[in-house]
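Reading through the C-alpha cells given below for one structure.
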Amino acid sequence: MKQLYIKQKVFSLSGKFTVKDQQENDVYYVEGSFMQIPKTFSIMNTTRDEVALITKKVFSFLPIFFVEVNGKEAITIKKEFSFFKPRYTIDAAGIEVQGNWWDMDFQILQHGEIVGTVSKKWFTWGDSYEVQILDDAMEAVIIALVVAIDCVKADQAAAS
C-alpha cells in the first residue's frame with residue numbers, strides 16, 4: 001500500500017501543486033492552465049512526462065470534465081440538472097466511487113475491489129487529501145480522479 005498526499009496552495013492562481021509521498025518527496029506535479037480556454041490540468045510524473053490531463057468542456061450547458069490517463073479517455077464527470085443541491089455523475093469503465101466524494105471521503109473500486117481510498121485532512125491551510133493506493137497499476141487513474149473531483153468542486157464554488 002502506498003500513501004500519497006495532495007496539498008493545494010490556497011492562493012495559487014495558476015493551479016500549481018504537487019503530490020507527495022510519505023517522506024514528502026514530490027511524486028507528481030499538477031499544473032493548471034491560467035486564463036486559457038479550455039481550462040486544463042496536466043498531471044506529470046517526476047520526469048515531467050504527462051500521465052493525465054483534465055479538460056473542462058467549453059460551450060456546454062452544464063459543466064463536463066474529461067480525464068485522460070496515458071493518452072486515453074478514462075473518466076467523465078458531468079453535472080446533472082437539479083434545482084437544489086448540485087449533483088454530478090462520474091463515468092469510468094469499471095471504476096466506481098463509493099462514499100462522500102463531495103467531502104473528499106471515499107473509496108475507489110475497480111470491478112468491485114477497493115483499489116484506493118481518499119480522505120480529507122482537517123485543520124490544514126488549504127485543501128489536503130490523503131490518498132491510499134492499494135493497486136499500483138491504478139495509481140495514475142486514482143490521482144487523476146482526485147484532482148478532477150477537486151477541479152469540479154472549485155468550479156462549483158466559483159459559479160456560486
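Residues in the C-alpha cells are named by chain (A, B, ... in the order shown) and by number from 1 within that chain; ligands are numbered from 1 in the order shown.
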
Next on the checklist: Residues of range 6-133 of chain A classed as strand (DSSP E) by DSSP on the backbone are to be reported as a ChimeraX atom specification.
Outcome noted: /A:6-7,17-21,26-32,40-44,50-56,64-69,72-80,87-92,95-100,105-110,113-121,128-133

So which residues touch Leu145 in chain A within 10 Å, counting only C-alpha atoms, skipping near sequence neighbours fewer than 6 positions away, as a short mmCIF file (atom, residue, chain, number, x, y, z; two decimals) with C-alpha atoms, in the first residue's frame?
data_model
loop_
_atom_site.label_atom_id
_atom_site.label_comp_id
_atom_site.auth_asym_id
_atom_site.auth_seq_id
_atom_site.Cartn_x
_atom_site.Cartn_y
_atom_site.Cartn_z
CA ALA A 52 -3.02 12.51 -17.10
CA ILE A 54 -8.11 17.00 -17.15
CA VAL A 67 -9.96 12.93 -17.75
CA GLU A 68 -7.37 11.26 -19.97
CA VAL A 69 -4.84 8.87 -18.43
CA ALA A 74 -10.70 7.26 -18.75
CA ILE A 75 -13.20 9.31 -16.73
CA THR A 76 -16.01 11.80 -17.41
CA ILE A 77 -17.54 13.91 -14.65
CA ILE A 90 -18.76 10.00 -12.57
CA ALA A 92 -15.46 5.47 -15.78
CA VAL A 97 -16.65 5.80 -6.38
CA ILE A 108 -12.37 3.86 -5.39
CA GLU A 139 -2.11 4.99 -9.25
CA CYS A 151 -11.46 20.77 -10.08
#

Checklist entry - Smallest atom-to-atom distance to Tyr28 in chain A: which of A:Ala93, A:Ala140, A:Val152, A:Met44, using only C-alpha atoms? => result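 For Tyr28 in chain A, the nearest of the candidates is A:Met44.
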
Checklist entry - Just asking: which residues within range 1-149 of chain A are helix (DSSP H, G or I) according to DSSP, as a PyMOL selection string? => result chain A and resi 101-103+136-149

Contact residues around Ile114 in chain A with only C-alpha atoms at 10 Å, ignoring same-chain residues under 4 positions, as an mmCIF file with C-alpha atoms, in the first residue's frame:
data_model
loop_
_atom_site.group_PDB
_atom_site.id
_atom_site.type_symbol
_atom_site.label_atom_id
_atom_site.label_comp_id
_atom_site.auth_asym_id
_atom_site.auth_seq_id
_atom_site.Cartn_x
_atom_site.Cartn_y
_atom_site.Cartn_z
ATOM 1 C CA ILE A 95 -14.376 2.215 -11.818
ATOM 2 C CA GLU A 96 -16.826 3.145 -9.092
ATOM 3 C CA VAL A 97 -16.649 5.802 -6.380
ATOM 4 C CA GLN A 98 -18.349 4.975 -3.069
ATOM 5 C CA GLN A 107 -13.250 4.636 -1.772
ATOM 6 C CA ILE A 108 -12.373 3.860 -5.392
ATOM 7 C CA LEU A 109 -13.341 0.417 -6.613
ATOM 8 C CA GLN A 110 -12.410 -1.375 -9.813
ATOM 9 C CA ILE A 133 -3.165 3.377 -3.322
ATOM 10 C CA LEU A 134 -3.919 -0.338 -2.897
ATOM 11 C CA ASP A 135 -3.294 -1.267 -6.558
#

Checklist entry - Skipping near chain neighbours, those fewer than 2 positions away, what residues fall within 9 Å of Tyr29 in chain A using only C-alpha atoms, listed as a ChimeraX atom specification? => result /A:16-19,26-27,31,42-46,48

Checklist entry - For Pro63 in chain A, which residue among A:Met138, A:Ala154, A:Val115, A:Val51 is the nearest when counting only C-alpha atoms? => result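 The closest residue to Pro63 in chain A is A:Ala154.
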
Item to check | Nearest-residue call for Val131 in chain A, choices A:Phe61, A:Met104, A:His111, A:Ile149, using only C-alpha atoms | outcome: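 Checking each candidate against Val131 in chain A, we get A:Met104 as the closest.
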